[in-house]
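*Asks:* See query_13.cif below, with mmCIF, C-alpha atoms and all ligand atoms.
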data_coords
#
loop_
_atom_site.label_atom_id
_atom_site.label_comp_id
_atom_site.auth_asym_id
_atom_site.auth_seq_id
_atom_site.Cartn_x
_atom_site.Cartn_y
_atom_site.Cartn_z
CA MET K 1 80.12 98.21 76.07
CA ARG K 2 83.25 96.67 74.64
CA ILE K 3 84.79 93.21 74.85
CA GLU K 4 88.53 92.58 74.75
CA GLU K 5 89.02 89.37 72.86
CA ASP K 6 92.73 88.72 73.32
CA LEU K 7 93.51 85.90 75.68
CA LYS K 8 94.55 86.67 79.28
CA LEU K 9 96.28 84.02 81.35
CA ASP K 10 96.34 82.73 84.90
CA PHE K 11 99.03 80.58 86.52
CA LYS K 12 96.94 77.50 85.78
CA ASP K 13 97.00 78.19 82.02
CA VAL K 14 100.74 77.75 81.49
CA LEU K 15 103.79 75.62 82.29
CA PHE K 16 107.48 76.41 81.81
CA ARG K 17 109.03 74.82 78.76
CA PRO K 18 112.22 73.07 79.95
CA LYS K 19 115.44 74.09 78.20
CA ARG K 20 118.87 72.62 77.72
CA SER K 21 121.24 74.10 80.27
CA THR K 22 124.78 73.86 81.55
CA LEU K 23 123.72 74.37 85.14
CA GLY K 24 125.16 71.66 87.36
CA SER K 25 123.18 71.74 90.55
CA ARG K 26 120.16 73.56 91.81
CA ALA K 27 122.13 74.37 94.96
CA LYS K 28 124.13 76.83 92.85
CA VAL K 29 121.09 78.90 91.82
CA GLU K 30 121.24 82.42 93.26
CA LEU K 31 117.89 83.61 94.59
CA LEU K 32 119.10 86.91 96.00
CA ARG K 33 118.23 89.89 93.87
CA GLU K 34 119.52 93.43 94.00
CA TYR K 35 117.34 96.34 93.05
CA ARG K 36 117.82 100.07 92.88
CA TYR K 37 114.62 102.03 93.31
CA ARG K 38 113.56 104.78 90.96
CA HIS K 39 112.44 107.34 93.52
CA SER K 40 113.99 106.49 96.88
CA GLY K 41 117.38 105.83 95.27
CA ARG K 42 117.83 103.04 97.81
CA THR K 43 119.15 99.62 96.94
CA SER K 44 118.01 96.29 98.33
CA ARG K 45 119.46 92.80 98.33
CA SER K 46 117.04 90.05 99.29
CA VAL K 47 115.06 87.05 98.15
CA PRO K 48 112.13 89.05 96.75
CA ILE K 49 109.21 87.22 98.33
CA ILE K 50 106.97 89.18 100.71
CA ALA K 51 104.56 87.85 103.34
CA ALA K 52 101.23 89.64 102.84
CA ASN K 53 100.12 92.46 105.13
CA MET K 54 97.30 90.42 106.60
CA ASP K 55 96.98 90.03 110.37
CA THR K 56 97.09 86.26 109.95
CA VAL K 57 100.32 86.36 107.88
CA GLY K 58 102.33 89.61 108.16
CA THR K 59 103.30 89.47 111.83
CA PHE K 60 106.48 90.40 113.71
CA GLN K 61 107.13 86.68 114.31
CA MET K 62 106.84 86.01 110.58
CA ALA K 63 109.27 88.88 109.91
CA ARG K 64 111.86 87.24 112.17
CA ALA K 65 111.41 83.77 110.67
CA LEU K 66 111.57 84.97 107.06
CA ALA K 67 114.51 87.31 107.65
CA ARG K 68 116.67 84.23 108.28
CA HIS K 69 116.27 83.52 104.56
CA GLN K 70 116.33 87.22 103.60
CA LEU K 71 112.64 87.27 102.67
CA HIS K 72 110.40 90.26 103.37
CA VAL K 73 107.29 90.84 105.40
CA ALA K 74 104.70 93.52 104.81
CA LEU K 75 103.59 94.03 108.41
CA HIS K 76 99.84 94.22 108.87
CA LYS K 77 98.55 97.65 109.84
CA HIS K 78 96.73 96.77 113.04
CA TYR K 79 99.55 96.83 115.59
CA ALA K 80 99.70 99.71 118.07
CA VAL K 81 102.21 102.52 117.55
CA GLU K 82 104.27 101.28 120.53
CA ASP K 83 104.54 97.82 118.98
CA TYR K 84 105.96 99.15 115.70
CA VAL K 85 108.29 101.44 117.63
CA ARG K 86 109.59 98.49 119.64
CA PHE K 87 109.95 96.36 116.51
CA TYR K 88 111.82 98.95 114.46
CA GLY K 89 113.83 100.06 117.50
CA GLU K 90 114.88 96.75 118.97
CA GLU K 91 114.77 94.18 116.23
CA ALA K 92 117.93 93.02 114.52
CA ARG K 93 118.71 95.49 111.74
CA GLU K 94 118.32 92.83 109.04
CA THR K 95 114.77 91.95 110.14
CA SER K 96 113.52 95.53 110.22
CA ARG K 97 115.31 96.38 106.96
CA LEU K 98 113.27 93.67 105.23
CA ALA K 99 109.94 94.80 106.70
CA PHE K 100 107.49 97.01 104.83
CA TYR K 101 105.35 99.25 107.06
CA SER K 102 101.78 99.08 105.70
CA LEU K 103 99.24 101.84 105.66
CA GLY K 104 95.96 102.78 104.04
CA ILE K 105 95.14 106.28 102.78
CA LEU K 106 92.97 107.61 105.59
CA ASP K 107 94.10 110.52 107.77
CA HIS K 108 94.56 108.28 110.77
CA ASP K 109 96.79 105.90 108.76
CA LEU K 110 99.07 108.79 107.91
CA GLU K 111 99.04 110.19 111.45
CA LYS K 112 99.92 106.78 112.84
CA PHE K 113 102.79 106.42 110.38
CA ARG K 114 104.13 109.88 111.24
CA ALA K 115 104.03 108.97 114.94
CA VAL K 116 105.94 105.72 114.38
CA ARG K 117 108.44 107.51 112.17
CA ARG K 118 109.03 110.29 114.69
CA ALA K 119 109.86 107.66 117.30
CA THR K 120 112.04 105.44 115.11
CA GLY K 121 114.10 107.93 113.11
CA ASP K 122 115.22 106.40 109.85
CA ALA K 123 114.69 102.75 110.84
CA ILE K 124 111.78 102.32 108.40
CA GLU K 125 113.13 102.04 104.86
CA SER K 126 110.06 100.89 102.96
CA VAL K 127 106.30 101.21 103.12
CA CYS K 128 103.37 99.52 101.47
CA ILE K 129 100.46 101.86 100.68
CA ASP K 130 97.60 99.49 100.24
CA VAL K 131 94.04 99.88 99.02
CA ALA K 132 91.73 97.31 97.49
CA ASN K 133 91.11 99.51 94.45
CA GLY K 134 94.12 101.43 93.20
CA TYR K 135 92.17 103.10 90.41
CA THR K 136 90.94 106.17 92.29
CA GLU K 137 92.33 109.67 91.91
CA THR K 138 92.38 109.94 95.70
CA PHE K 139 94.81 107.03 95.89
CA ILE K 140 97.16 108.35 93.23
CA ASP K 141 97.09 111.81 94.89
CA PHE K 142 97.88 110.21 98.23
CA VAL K 143 100.91 108.43 96.75
CA ARG K 144 102.07 111.74 95.23
CA ARG K 145 101.73 113.62 98.52
CA PHE K 146 103.35 110.80 100.48
CA ARG K 147 106.30 110.81 98.08
CA ASP K 148 106.69 114.58 98.52
CA GLU K 149 106.80 114.19 102.28
CA PHE K 150 109.02 111.09 102.43
CA LYS K 151 111.53 111.33 99.59
CA GLU K 152 113.89 108.71 100.98
CA LEU K 153 111.38 105.90 101.56
CA THR K 154 110.88 103.04 99.14
CA ILE K 155 107.18 103.04 98.36
CA MET K 156 105.22 100.02 97.23
CA ALA K 157 101.65 100.95 96.23
CA GLY K 158 98.63 99.09 94.89
CA ASN K 159 96.60 97.23 93.94
CA VAL K 160 96.13 97.57 90.21
CA VAL K 161 96.19 95.18 87.24
CA THR K 162 96.76 97.28 84.12
CA ALA K 163 99.66 99.09 82.49
CA ASP K 164 98.07 102.57 82.44
CA ILE K 165 97.67 102.91 86.20
CA THR K 166 100.97 101.14 86.86
CA GLU K 167 102.63 103.95 84.93
CA ALA K 168 100.54 106.61 86.66
CA LEU K 169 101.55 105.27 90.08
CA ILE K 170 105.22 105.15 89.20
CA LEU K 171 105.08 108.69 87.87
CA ALA K 172 103.28 109.74 91.07
CA GLY K 173 106.13 108.39 93.20
CA ALA K 174 105.75 104.63 93.68
CA ASP K 175 108.93 102.56 93.40
CA ILE K 176 107.08 99.24 93.34
CA VAL K 177 103.53 98.76 92.08
CA LYS K 178 101.52 95.98 93.68
CA VAL K 179 99.57 93.99 91.11
CA GLY K 180 96.49 91.83 91.68
CA ILE K 181 92.74 92.35 91.89
CA GLY K 182 90.73 89.34 92.85
CA PRO K 183 93.14 86.36 92.71
CA GLY K 184 93.64 86.00 96.49
CA SER K 185 92.88 82.78 98.33
CA VAL K 186 90.42 84.46 100.72
CA CYS K 187 89.30 87.19 98.35
CA THR K 188 85.72 87.35 97.10
CA THR K 189 86.03 90.49 94.98
CA ARG K 190 85.43 88.67 91.72
CA LYS K 191 82.35 87.02 93.15
CA MET K 192 80.94 90.16 94.74
CA THR K 193 81.79 92.64 91.98
CA GLY K 194 82.66 90.70 88.86
CA VAL K 195 85.89 92.75 88.65
CA GLY K 196 89.37 91.29 88.11
CA TYR K 197 92.11 90.34 85.68
CA PRO K 198 93.89 87.00 85.20
CA GLN K 199 96.94 87.28 87.43
CA LEU K 200 99.73 86.07 85.14
CA SER K 201 98.70 88.47 82.36
CA ALA K 202 98.36 91.28 84.89
CA ILE K 203 101.93 90.61 86.01
CA ILE K 204 103.30 90.41 82.45
CA GLU K 205 101.58 93.62 81.33
CA CYS K 206 102.26 95.68 84.47
CA ALA K 207 105.91 94.51 84.67
CA ASP K 208 106.45 95.60 81.10
CA ALA K 209 104.98 99.03 81.81
CA ALA K 210 106.90 99.46 85.09
CA HIS K 211 110.26 98.31 83.75
CA GLY K 212 110.02 100.77 80.88
CA LEU K 213 109.97 103.55 83.49
CA GLY K 214 112.65 102.11 85.77
CA GLY K 215 109.99 100.94 88.26
CA HIS K 216 109.30 97.55 89.79
CA ILE K 217 106.23 95.41 90.44
CA CYS K 218 105.08 92.95 93.05
CA GLY K 219 102.70 90.17 91.95
CA ASP K 220 100.20 89.93 94.80
CA GLY K 221 97.83 87.01 95.29
CA GLY K 222 96.85 83.80 93.58
CA CYS K 223 99.96 81.70 94.25
CA THR K 224 98.87 78.31 95.57
CA VAL K 225 102.03 76.20 95.07
CA PRO K 226 105.77 76.94 94.61
CA GLY K 227 105.33 76.55 90.82
CA ASP K 228 102.96 79.55 90.80
CA VAL K 229 105.58 81.67 92.58
CA ALA K 230 108.07 80.67 89.87
CA LYS K 231 105.54 81.53 87.14
CA ALA K 232 105.02 84.98 88.68
CA PHE K 233 108.78 85.62 88.55
CA GLY K 234 108.94 84.06 85.08
CA GLY K 235 106.25 86.52 83.94
CA GLY K 236 108.40 89.44 85.08
CA ALA K 237 107.41 90.10 88.70
CA ASP K 238 110.25 91.65 90.69
CA PHE K 239 108.59 90.65 93.96
CA VAL K 240 105.90 88.10 94.79
CA MET K 241 103.55 88.53 97.75
CA LEU K 242 102.09 85.48 99.49
CA GLY K 243 99.12 85.22 101.83
CA GLY K 244 97.57 81.77 101.92
CA MET K 245 100.82 79.91 101.28
CA LEU K 246 102.30 81.39 104.47
CA ALA K 247 99.11 81.24 106.57
CA ALA K 248 98.34 78.79 109.39
CA HIS K 249 101.93 78.46 110.58
CA ASP K 250 103.15 79.01 114.14
CA GLU K 251 104.38 82.48 113.13
CA SER K 252 101.23 83.49 111.21
CA GLY K 253 99.04 84.50 114.10
CA GLY K 254 95.42 83.53 113.61
CA GLU K 255 93.34 82.01 116.35
CA ILE K 256 93.88 78.30 117.04
CA VAL K 257 90.75 76.16 116.82
CA GLU K 258 90.56 72.55 118.01
CA ARG K 259 87.97 70.44 116.23
CA ASP K 260 87.53 66.63 116.31
CA GLY K 261 91.05 66.17 117.65
CA CYS K 262 92.64 68.27 114.88
CA THR K 263 94.23 71.70 115.24
CA TYR K 264 93.30 74.47 112.84
CA ARG K 265 94.09 78.15 112.45
CA ARG K 266 91.66 80.81 111.36
CA PHE K 267 92.67 82.67 108.19
CA TYR K 268 90.59 85.46 106.70
CA GLY K 269 90.69 88.25 104.14
CA MET K 270 91.35 91.76 105.35
CA SER K 271 88.03 92.88 103.81
CA SER K 272 86.11 89.93 105.24
CA GLU K 273 83.35 90.36 107.75
CA THR K 274 85.64 88.79 110.38
CA ALA K 275 88.31 91.47 109.83
CA MET K 276 85.78 94.30 109.68
CA GLN K 277 84.14 93.14 112.91
CA LYS K 278 87.53 93.02 114.56
CA TYR K 279 88.92 96.36 113.39
CA ALA K 280 86.08 98.52 112.11
CA GLY K 281 83.22 97.58 114.42
CA GLY K 282 81.36 95.74 111.65
CA VAL K 283 80.63 95.97 107.94
CA ALA K 284 79.57 99.53 107.04
CA HIS K 285 76.01 99.71 105.64
CA TYR K 286 77.17 100.94 102.22
CA ARG K 287 79.58 98.10 101.51
CA ALA K 288 79.69 94.32 101.29
CA SER K 289 82.54 92.21 102.57
CA GLU K 290 84.97 91.17 99.83
CA GLY K 291 86.81 88.48 101.73
CA LYS K 292 86.07 85.22 103.44
CA GLU K 293 87.24 83.21 106.43
CA VAL K 294 88.59 79.67 106.30
CA LEU K 295 89.92 77.17 108.83
CA LEU K 296 93.26 75.71 107.77
CA PRO K 297 94.98 72.71 109.36
CA ALA K 298 97.83 74.09 111.51
CA ARG K 299 101.10 73.70 109.64
CA GLY K 300 103.81 74.13 112.32
CA PRO K 301 106.88 76.33 111.83
CA VAL K 302 107.06 78.28 108.57
CA GLU K 303 110.67 77.17 108.03
CA SER K 304 109.80 74.01 106.10
CA THR K 305 107.32 75.86 103.86
CA VAL K 306 109.96 78.48 103.07
CA GLN K 307 112.44 75.76 102.17
CA GLU K 308 109.85 74.14 99.94
CA ILE K 309 109.15 77.41 98.11
CA LEU K 310 112.83 78.30 97.69
CA GLY K 311 113.66 74.72 96.68
CA GLY K 312 110.92 74.79 94.04
CA LEU K 313 112.15 78.10 92.70
CA ARG K 314 115.75 76.89 92.44
CA SER K 315 114.54 73.81 90.62
CA THR K 316 112.51 75.88 88.12
CA CYS K 317 115.66 77.90 87.44
CA THR K 318 117.66 74.74 86.68
CA TYR K 319 114.95 73.41 84.35
CA VAL K 320 115.06 76.57 82.23
CA GLY K 321 118.77 77.26 82.52
CA ALA K 322 118.68 80.34 84.77
CA ARG K 323 121.74 80.65 87.03
CA LYS K 324 120.06 83.38 89.02
CA LEU K 325 116.50 84.33 89.82
CA LYS K 326 117.37 87.53 87.96
CA ASP K 327 117.65 85.51 84.73
CA LEU K 328 114.45 83.51 85.18
CA SER K 329 112.20 85.84 83.22
CA LYS K 330 114.55 86.00 80.21
CA CYS K 331 114.90 82.20 80.25
CA THR K 332 111.12 81.70 80.40
CA THR K 333 109.03 80.32 77.59
CA PHE K 334 105.54 79.49 78.77
CA VAL K 335 103.50 76.85 77.01
CA ARG K 336 99.75 77.12 77.19
CA VAL K 337 98.13 74.05 78.66
CA THR K 338 94.68 72.70 79.32
CA GLN K 339 95.77 70.52 82.22
CA GLN K 340 98.32 71.08 85.01
CA LEU K 341 98.34 68.04 87.21
CA ASN K 342 97.52 64.36 87.19
CA GLU K 343 95.02 64.12 90.02
CA VAL K 344 94.12 60.47 89.70
CA PHE K 345 94.86 59.80 93.37
CA GLY K 346 93.35 63.05 94.63
CA ARG K 347 94.31 64.35 98.04
CA GLN K 348 95.73 61.73 100.40
CA PRO K 349 94.83 62.05 104.08
P1 LIG E 1 96.94 84.84 98.46
O1 LIG E 1 98.44 84.75 98.46
O2 LIG E 1 96.35 84.38 99.75
O3 LIG E 1 96.31 84.19 97.27
O4 LIG E 1 96.60 86.40 98.30
C1 LIG E 1 97.02 87.34 99.24
C2 LIG E 1 96.48 88.70 98.85
O5 LIG E 1 95.05 88.71 98.83
C3 LIG E 1 96.81 89.82 99.79
O6 LIG E 1 98.14 90.28 99.69
C4 LIG E 1 95.80 90.89 99.40
O7 LIG E 1 96.21 91.62 98.25
C5 LIG E 1 94.59 90.05 99.00
N1 LIG E 1 93.57 90.07 100.06
C6 LIG E 1 93.72 89.85 101.38
N2 LIG E 1 92.54 89.94 102.02
C7 LIG E 1 91.63 90.24 101.08
C8 LIG E 1 90.22 90.48 101.12
O8 LIG E 1 89.55 90.38 102.15
N3 LIG E 1 89.63 90.80 99.93
C9 LIG E 1 90.34 90.90 98.78
N4 LIG E 1 89.69 91.27 97.67
N5 LIG E 1 91.65 90.65 98.70
C10 LIG E 1 92.28 90.32 99.84
#
I need this file expressed as structure tokens, please.
Ligand code: 5GP

*Replies:*
Amino acid sequence: MRIEEDLKLDFKDVLFRPKRSTLGSRAKVELLREYRYRHSGRTSRSVPIIAANMDTVGTFQMARALARHQLHVALHKHYAVEDYVRFYGEEARETSRLAFYSLGILDHDLEKFRAVRRATGDAIESVCIDVANGYTETFIDFVRRFRDEFKELTIMAGNVVTADITEALILAGADIVKVGIGPGSVCTTRKMTGVGYPQLSAIIECADAAHGLGGHICGDGGCTVPGDVAKAFGGGADFVMLGGMLAAHDESGGEIVERDGCTYRRFYGMSSETAMQKYAGGVAHYRASEGKEVLLPARGPVESTVQEILGGLRSTCTYVGARKLKDLSKCTTFVRVTQQLNEVFGRQP
């Protein structure tokens, strides 16, 4: 047994140090980023925020709403083949261009993807190969074989939290490595297994490893407020994936529940018992669920939340003197803190 003593940080452990700047207005901050991907050779131009591939977040409706602001969606993997074919075939080009097709690493995931691809030609540009634990040889081999078969696709793959496997995944064919084990709002991995890594440090360390190889990373999970999204970018994330922050909107899907005159939406982890009952006929005897279900007050259209997130991000950029989101990480100095917020008035009704 060994203990690593050096300090690892979460979003709650830091704040941005404000810096003198010549930036006039936050309206001038450019949030669009352009990337060129190491393996696919493709380029993208977008606001690099991705709705998570959860069936109560990453829906076709969410894809349409977010595309208006040039944000991405990782579509959840539980639609039928015909639904994806219709989406990639009929949707406005911009919306489908910004959508990641998600798949796991089982044979039927690959077969389903091949079927969708056969029917949609080259409409799918990017995929998200997603497993809870990205540390297995099987996963890295899958990414390698997938890359051999689909040379022109941009591949995001994860999840991992350390530099070694980030490098291994990029060398195996991933363009973007998805980073985060245990920080998610409806994730119980840390509770059930004791495994995890503070998310801001995971982002900083994996970004450093990926950038050295010409790869990219996506910080996935743990953002609770727009300031956390900014901290993820400040730490070096090229993309940030959001679940809970985009849940419970009109576009999120998720069953509506009326209780005591209030309207709620169900939101649950993709490894929760709820999800496993729905898609896998229950929790297999050899595993425990690693996600939970919550009821969130319904939040209406996602538009205002998106504006809040983008507004917050622009404001962070002006505080630290970054003209573009691209410059945010170089302009970032984090200060370690022991307190984030003044909560004297608590939550107001
Ligand atoms: P959030 O933005 O809600 O904090 O985190 C979203 C992320 O949580 C997802 O993109 C995914 O990586 C992770 N996640 C979603 N469902 C589950 C689950 O059931 N268990 C675990 N361990 N992680 C989950």

*Asks:* Go through chain K residue by residue and, counting only C-alpha atoms and all ligand atoms, keep those with an atom at most 7 Å from ligand LIG 1 (chain E); for each kept residue give the shortest atom pair and its distance in Å to one decimal, ordered by chain and increasing number, as CSV.

*Replies:*
residue,atom,partner,partner_atom,distance
K:Ala52,CA,E:LIG1,O6,4.5
K:Asn53,CA,E:LIG1,O6,6.2
K:Met54,CA,E:LIG1,C6,6.4
K:Ala132,CA,E:LIG1,N4,6.4
K:Gly180,CA,E:LIG1,O7,6.6
K:Ile181,CA,E:LIG1,N4,6.6
K:Gly182,CA,E:LIG1,N4,5.3
K:Pro183,CA,E:LIG1,O3,6.0
K:Gly184,CA,E:LIG1,O3,3.3
K:Ser185,CA,E:LIG1,O3,3.9
K:Val186,CA,E:LIG1,C7,5.9
K:Cys187,CA,E:LIG1,C9,3.9
K:Thr188,CA,E:LIG1,N4,5.6
K:Thr189,CA,E:LIG1,N4,4.6
K:Asp220,CA,E:LIG1,O6,5.3
K:Gly221,CA,E:LIG1,O4,3.3
K:Gly222,CA,E:LIG1,O3,3.7
K:Cys223,CA,E:LIG1,O3,5.4
K:Thr224,CA,E:LIG1,O3,6.6
K:Met241,CA,E:LIG1,O6,6.0
K:Leu242,CA,E:LIG1,O1,3.9
K:Gly243,CA,E:LIG1,O1,3.5
K:Gly244,CA,E:LIG1,O2,3.6
K:Met245,CA,E:LIG1,O1,6.1
K:Tyr268,CA,E:LIG1,N2,6.8
K:Gly269,CA,E:LIG1,O8,3.1
K:Met270,CA,E:LIG1,O8,3.9
K:Ser271,CA,E:LIG1,O8,3.4
K:Ser272,CA,E:LIG1,O8,4.6
K:Glu290,CA,E:LIG1,N3,4.7
K:Gly291,CA,E:LIG1,O8,3.4
K:Lys292,CA,E:LIG1,O8,6.4

*Asks:* Which residue, K:Ser315, K:Gln70, K:Asn342, K:Ser40, has the smallest gap to K:Arg93 when you use only C-alpha atoms?

*Replies:*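 The closest residue to K:Arg93 is K:Gln70.
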
*Asks:* Would you pick out the contacts of K:Thr333 at 7 Å or less, using only C-alpha atoms, so that residues sharing its chain but fewer than 2 positions from it are not included, and give the list as a ChimeraX atom specification?

*Replies:* /K:16-17,331,335

*Asks:* For K:Leu341, which of K:Gly227, K:Ala67, K:Leu98, K:Val257 is the closest residue, counting all atoms listed in the file?

*Replies:*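 Closest candidate: K:Gly227.
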
*Asks:* Atom CA of K:Thr56 and atom CA of K:Val160, how far apart in Å?

*Replies:*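 It comes out at 22.8 Å.
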
*Asks:* Using atom CA of K:Phe139 and atom CA of K:Ile105 as the two end points, give the distance in Å to one decimal.

*Replies:*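 Computed distance, atom CA of K:Phe139 to atom CA of K:Ile105, equals 6.9 Å.
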
*Asks:* What is the distance, in Å and to one decimal place, between atom CA of K:Ala247 and atom CA of K:Phe267?

*Replies:*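 Going from atom CA of K:Ala247 over to atom CA of K:Phe267 covers 6.8 Å.
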
*Asks:* Hey, can I get the axis-aligned box for stretch 112-126 of chain K? All listed atoms, 3 Å padding on each side, centre and edge lengths in Å to one decimal, as JSON.

*Replies:*
{"center_x": 107.6, "center_y": 105.6, "center_z": 110.1, "size_x": 21.3, "size_y": 15.4, "size_z": 20.3}

*Asks:* Nearest residue to K:Leu23 out of K:Gly321, K:Gly346, K:Gly311, K:Gly253, using only C-alpha atoms?

*Replies:*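 Checking each of K:Gly321, K:Gly346, K:Gly311, K:Gly253 against K:Leu23, counting only C-alpha atoms, the winner is K:Gly321.
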
*Asks:* Using only C-alpha atoms, collect all residues at a distance of at most 12 Å from (120.0, 83.8, 87.0) as written in the file, then present them as a PyMOL selection string.

*Replies:* chain K and resi 21+23+26+28-34+233-234+313-332

*Asks:* Pull C-alpha atoms from the residues just selected and write them as a short mmCIF file (atom, residue, chain, number, x, y, z; two decimals), in the frame of the given file.

*Replies:*
data_model
loop_
_atom_site.label_atom_id
_atom_site.label_comp_id
_atom_site.auth_asym_id
_atom_site.auth_seq_id
_atom_site.Cartn_x
_atom_site.Cartn_y
_atom_site.Cartn_z
CA SER K 21 121.24 74.10 80.27
CA LEU K 23 123.72 74.37 85.14
CA ARG K 26 120.16 73.56 91.81
CA LYS K 28 124.13 76.83 92.85
CA VAL K 29 121.09 78.90 91.82
CA GLU K 30 121.24 82.42 93.26
CA LEU K 31 117.89 83.61 94.59
CA LEU K 32 119.10 86.91 96.00
CA ARG K 33 118.23 89.89 93.87
CA GLU K 34 119.52 93.43 94.00
CA PHE K 233 108.78 85.62 88.55
CA GLY K 234 108.94 84.06 85.08
CA LEU K 313 112.15 78.10 92.70
CA ARG K 314 115.75 76.89 92.44
CA SER K 315 114.54 73.81 90.62
CA THR K 316 112.51 75.88 88.12
CA CYS K 317 115.66 77.90 87.44
CA THR K 318 117.66 74.74 86.68
CA TYR K 319 114.95 73.41 84.35
CA VAL K 320 115.06 76.57 82.23
CA GLY K 321 118.77 77.26 82.52
CA ALA K 322 118.68 80.34 84.77
CA ARG K 323 121.74 80.65 87.03
CA LYS K 324 120.06 83.38 89.02
CA LEU K 325 116.50 84.33 89.82
CA LYS K 326 117.37 87.53 87.96
CA ASP K 327 117.65 85.51 84.73
CA LEU K 328 114.45 83.51 85.18
CA SER K 329 112.20 85.84 83.22
CA LYS K 330 114.55 86.00 80.21
CA CYS K 331 114.90 82.20 80.25
CA THR K 332 111.12 81.70 80.40
#

*Asks:* Quick one: of K:Gly212, K:Gly41, K:Gly236, K:Gly219, who's nearest to K:Pro198, counting all atoms listed in the file?

*Replies:*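 Of all the options, K:Gly219 lies closest to K:Pro198.
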
*Asks:* As a JSON list (two decimals) with C-alpha atoms, in the coordinates of the input, please: the residues near stretch 78-86 of chain K (cut-off 12 Å, all atoms listed in the file, same-chain neighbours under 4 positions excluded).

*Replies:*
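Once everything was written out, this is result.json:
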[["chain", "number", "residue", "atom", "x", "y", "z"],
["K", 53, "ASN", "CA", 100.12, 92.46, 105.13],
["K", 54, "MET", "CA", 97.30, 90.42, 106.60],
["K", 55, "ASP", "CA", 96.98, 90.03, 110.37],
["K", 56, "THR", "CA", 97.09, 86.26, 109.95],
["K", 58, "GLY", "CA", 102.33, 89.61, 108.16],
["K", 59, "THR", "CA", 103.30, 89.47, 111.83],
["K", 60, "PHE", "CA", 106.48, 90.40, 113.71],
["K", 74, "ALA", "CA", 104.70, 93.52, 104.81],
["K", 90, "GLU", "CA", 114.88, 96.75, 118.97],
["K", 91, "GLU", "CA", 114.77, 94.18, 116.23],
["K", 92, "ALA", "CA", 117.93, 93.02, 114.52],
["K", 96, "SER", "CA", 113.52, 95.53, 110.22],
["K", 99, "ALA", "CA", 109.94, 94.80, 106.70],
["K", 100, "PHE", "CA", 107.49, 97.01, 104.83],
["K", 101, "TYR", "CA", 105.35, 99.25, 107.06],
["K", 102, "SER", "CA", 101.78, 99.08, 105.70],
["K", 103, "LEU", "CA", 99.24, 101.84, 105.66],
["K", 104, "GLY", "CA", 95.96, 102.78, 104.04],
["K", 108, "HIS", "CA", 94.56, 108.28, 110.77],
["K", 109, "ASP", "CA", 96.79, 105.90, 108.76],
["K", 110, "LEU", "CA", 99.07, 108.79, 107.91],
["K", 111, "GLU", "CA", 99.04, 110.19, 111.45],
["K", 112, "LYS", "CA", 99.92, 106.78, 112.84],
["K", 113, "PHE", "CA", 102.79, 106.42, 110.38],
["K", 114, "ARG", "CA", 104.13, 109.88, 111.24],
["K", 115, "ALA", "CA", 104.03, 108.97, 114.94],
["K", 116, "VAL", "CA", 105.94, 105.72, 114.38],
["K", 117, "ARG", "CA", 108.44, 107.51, 112.17],
["K", 118, "ARG", "CA", 109.03, 110.29, 114.69],
["K", 119, "ALA", "CA", 109.86, 107.66, 117.30],
["K", 120, "THR", "CA", 112.04, 105.44, 115.11],
["K", 121, "GLY", "CA", 114.10, 107.93, 113.11],
["K", 122, "ASP", "CA", 115.22, 106.40, 109.85],
["K", 123, "ALA", "CA", 114.69, 102.75, 110.84],
["K", 124, "ILE", "CA", 111.78, 102.32, 108.40],
["K", 270, "MET", "CA", 91.35, 91.76, 105.35],
["K", 275, "ALA", "CA", 88.31, 91.47, 109.83],
["K", 276, "MET", "CA", 85.78, 94.30, 109.68],
["K", 278, "LYS", "CA", 87.53, 93.02, 114.56],
["K", 279, "TYR", "CA", 88.92, 96.36, 113.39],
["K", 280, "ALA", "CA", 86.08, 98.52, 112.11]]

*Asks:* Would you list the contacts of K:Ile140 as a ChimeraX atom specification, taking every protein, DNA or RNA residue within 12 Å and counting all atoms listed in the file, but skipping same-chain residues closer than 4 positions in sequence?

*Replies:* /K:105,129-131,133-136,144-147,157-160,165-174,177

*Asks:* Using only C-alpha atoms, which of the listed residues (K:Ser126, K:Val143, K:Ala202, K:Arg190) sits closest to K:Ala163?

*Replies:* K:Ala202

*Asks:* From the structure block, carefully write stretch 132-136 of chain K out with N, CA, C and O atoms; format it as a compact mmCIF listing (two decimals), in the first residue's frame.

*Replies:*
# COMPACT_ATOMS: atom_id res chain seq x y z
N ALA K 132 -17.77 3.11 -17.79
CA ALA K 132 -17.59 3.70 -16.47
C ALA K 132 -16.12 3.66 -16.06
O ALA K 132 -15.59 4.60 -15.47
N ASN K 133 -15.44 2.57 -16.44
CA ASN K 133 -14.05 2.38 -16.04
C ASN K 133 -13.18 2.24 -17.28
O ASN K 133 -13.16 1.19 -17.91
N GLY K 134 -12.46 3.29 -17.60
CA GLY K 134 -11.64 3.28 -18.81
C GLY K 134 -10.28 2.64 -18.63
O GLY K 134 -9.39 2.79 -19.47
N TYR K 135 -10.08 1.93 -17.52
CA TYR K 135 -8.76 1.39 -17.20
C TYR K 135 -8.54 -0.05 -17.65
O TYR K 135 -7.54 -0.66 -17.32
N THR K 136 -9.50 -0.61 -18.39
CA THR K 136 -9.34 -2.02 -18.76
C THR K 136 -8.68 -2.15 -20.13
O THR K 136 -8.88 -1.31 -21.01
